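Undergrad: Right, I'll just put the structure down here and ask away after.
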Amino acid sequence: MKKRDEEMDDQKWFNDQFKDKITRFDDLHAPLIPSSQQFDELVHAHKQERSRKLWKELLLFWITACFVFGLMLWIIERNWVWFAILQTIVAAGGMVFASMAFSRRRQREWKS
Amino acid sequence: MYDESKLVKQAIRGDSRALSELLREHYSFLYQYLLKVTMNKSRAEDITQDTMLKAIEKITAFQGKSKFSTWLIAIASRLVIDRVRRSEVEQHWLKEEQSLRAIRFETLQSGDEWSDALQALGQLSSDIRIPVLLKYYYGYGQDEIASMLDIPVGTVKSRLHNGLMKLRKELTEHEEA
């Protein structure tokens with residue numbers, strides 16, 4: 001109850017000291033709003049740019065995937081042992097990377 | 001007639017016209033929020049533009065649980081915080097001082113007064129100014145601010161407490177001077 005009163009006091013103090021002045025500041029610095037057409041163009045252009053970027057990324061992904069798959073087939077054909085070693089290294093690397101990324105994210109959440 | 005919830009639904013479904021109408025409707029609100037947060041006209045314009053682009057990219061992820069303006073403010077606030085983190089502390093402080101002087105000059109030139117209240121608000125660092133404005137000027141709750149800024153509620157409370165304490169101190173000093 002006491003805390004609620006304190007909060008209300010703080011809000012009242014802020015309103016008395018700042019509210020009108022900030023509103024006047026807002027009114028004084030009101031921006032010129034671009035036309036509807038400019039907003040339409042912005043949305044359209046950015047959506048197109050975004051979609052182009054996504055297609056590029058997808059293409060790059062497929063090229064990389066084909067290269068890796070081809071490499072693996074080539075290694076299987078030449079030497080089974082090397083294939084197993086490579087698979088183990090890749091799996092271990094993936095796990096280390098995932099755990100590091102996860103711990104970094106948790107650390108960031110804790111810090112914030 | 002302007003119907004926000006209908007426009008939001010259409011925008012989420014991919015209607016570009018609805019999204020551009022929403023953005024236009026909130027442009028002024030967003031810019032004015034960012035001007036108060038940054039106290040710098042060109043930076044406010046830059047971040048307004050970046051916020052709009054982010055909103056275009058992320059509109060399909062918007063669930064419509066909060067108001068569209070709240071969602072935009074959350075994006076904009078995080079962009080401001082990211083920019084502050086990226087710039088060096090000392091350089092950032094100098095830039096803030098210069099920006100405050102520039103906006104003060106512009107306000108005075110427009111024939112309005114630059115009050116002690118605005119000066120005190122401008123002297124708060126942006127990580128404190130943002131929650132203070134969101135809570136006491138825009139009326140958001142502490143929980144909402146915490147989720148908007150992606151920080152714990154405890155941090156919001158302490159920033160609000162520190163912010164008001166600094167504002168009170170600044171205003172008292174000005175009154176005594």
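Each chain in the structure tokens gets a letter, A, B and so on, in the order shown; residues start at 1 in every chain, and ligands are counted from 1 in the order they appear.
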Hey, what's within 8 Å of A:Pro31 if we count only C-alpha atoms and toss same-chain stuff fewer than 6 positions away? As a list in words, please?
TA: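 Here the answer would be Ser28, Tyr31 and Gln32 of chain B.
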Undergrad: Please identify all residues of chain B having at least one atom at most 8 Å from any atom of chain A, considering only C-alpha atoms, and return them as a list of chain:residue names.
TA: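 Close to chain A, chain B has B:Ser16, B:Arg17, B:Leu19, B:Ser20, B:Glu21, B:Leu23, B:Arg24, B:Tyr27, B:Ser28, B:Tyr31, B:Gln32, B:Leu53, B:Ile56, B:Glu57, B:Thr107, B:Ser110, B:Ser115, B:Ala117, B:Leu118, B:Tyr136, B:Tyr137, B:Asp150, B:Ile151, B:Pro152, B:Leu164.
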Undergrad: Could you save the residues just selected, with C-alpha atoms, as an mmCIF file, in the first residue's frame?
TA:
data_model
loop_
_atom_site.group_PDB
_atom_site.id
_atom_site.type_symbol
_atom_site.label_atom_id
_atom_site.label_comp_id
_atom_site.auth_asym_id
_atom_site.auth_seq_id
_atom_site.Cartn_x
_atom_site.Cartn_y
_atom_site.Cartn_z
ATOM 1 C CA SER B 16 1.880 -3.955 -48.020
ATOM 2 C CA ARG B 17 -0.695 -1.153 -48.281
ATOM 3 C CA LEU B 19 1.524 -1.936 -43.376
ATOM 4 C CA SER B 20 2.476 1.348 -45.017
ATOM 5 C CA GLU B 21 -0.690 2.967 -43.643
ATOM 6 C CA LEU B 23 3.704 3.031 -40.415
ATOM 7 C CA ARG B 24 2.523 6.410 -41.689
ATOM 8 C CA TYR B 27 5.562 7.988 -37.894
ATOM 9 C CA SER B 28 5.109 11.162 -35.888
ATOM 10 C CA TYR B 31 9.902 10.173 -34.218
ATOM 11 C CA GLN B 32 8.821 12.242 -31.219
ATOM 12 C CA LEU B 53 12.644 -1.194 -41.885
ATOM 13 C CA ILE B 56 8.670 -4.345 -42.340
ATOM 14 C CA GLU B 57 11.004 -7.333 -41.869
ATOM 15 C CA THR B 107 14.099 25.066 -29.288
ATOM 16 C CA SER B 110 11.737 28.558 -32.376
ATOM 17 C CA SER B 115 13.102 24.679 -19.255
ATOM 18 C CA ALA B 117 12.946 20.181 -16.654
ATOM 19 C CA LEU B 118 14.021 19.499 -20.254
ATOM 20 C CA TYR B 136 5.924 8.378 -16.354
ATOM 21 C CA TYR B 137 5.230 10.009 -19.730
ATOM 22 C CA ASP B 150 14.466 -7.188 -22.590
ATOM 23 C CA ILE B 151 15.761 -6.518 -19.072
ATOM 24 C CA PRO B 152 14.655 -7.824 -15.633
ATOM 25 C CA LEU B 164 13.753 10.214 -10.506
#
Undergrad: Would you compute the distance between atom CA of B:Glu96 and atom CA of B:Lys166? Give it in Å to one decimal.
TA: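 Calculated distance between atom CA of B:Glu96 and atom CA of B:Lys166 is 17.0 Å.
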Undergrad: Per DSSP on the backbone, filter chain B down to the residues in helix (DSSP H, G or I) and report them as a ChimeraX atom specification.
TA: /B:4-12,16-38,41-61,68-86,89-109,116-122,126-137,142-149,153-176
Undergrad: What is the distance, in Å and to one decimal place, between atom CA of B:Tyr33 and atom CA of A:Asp20?
TA: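 Value for the atom CA of B:Tyr33-atom CA of A:Asp20 distance: 15.1 Å.
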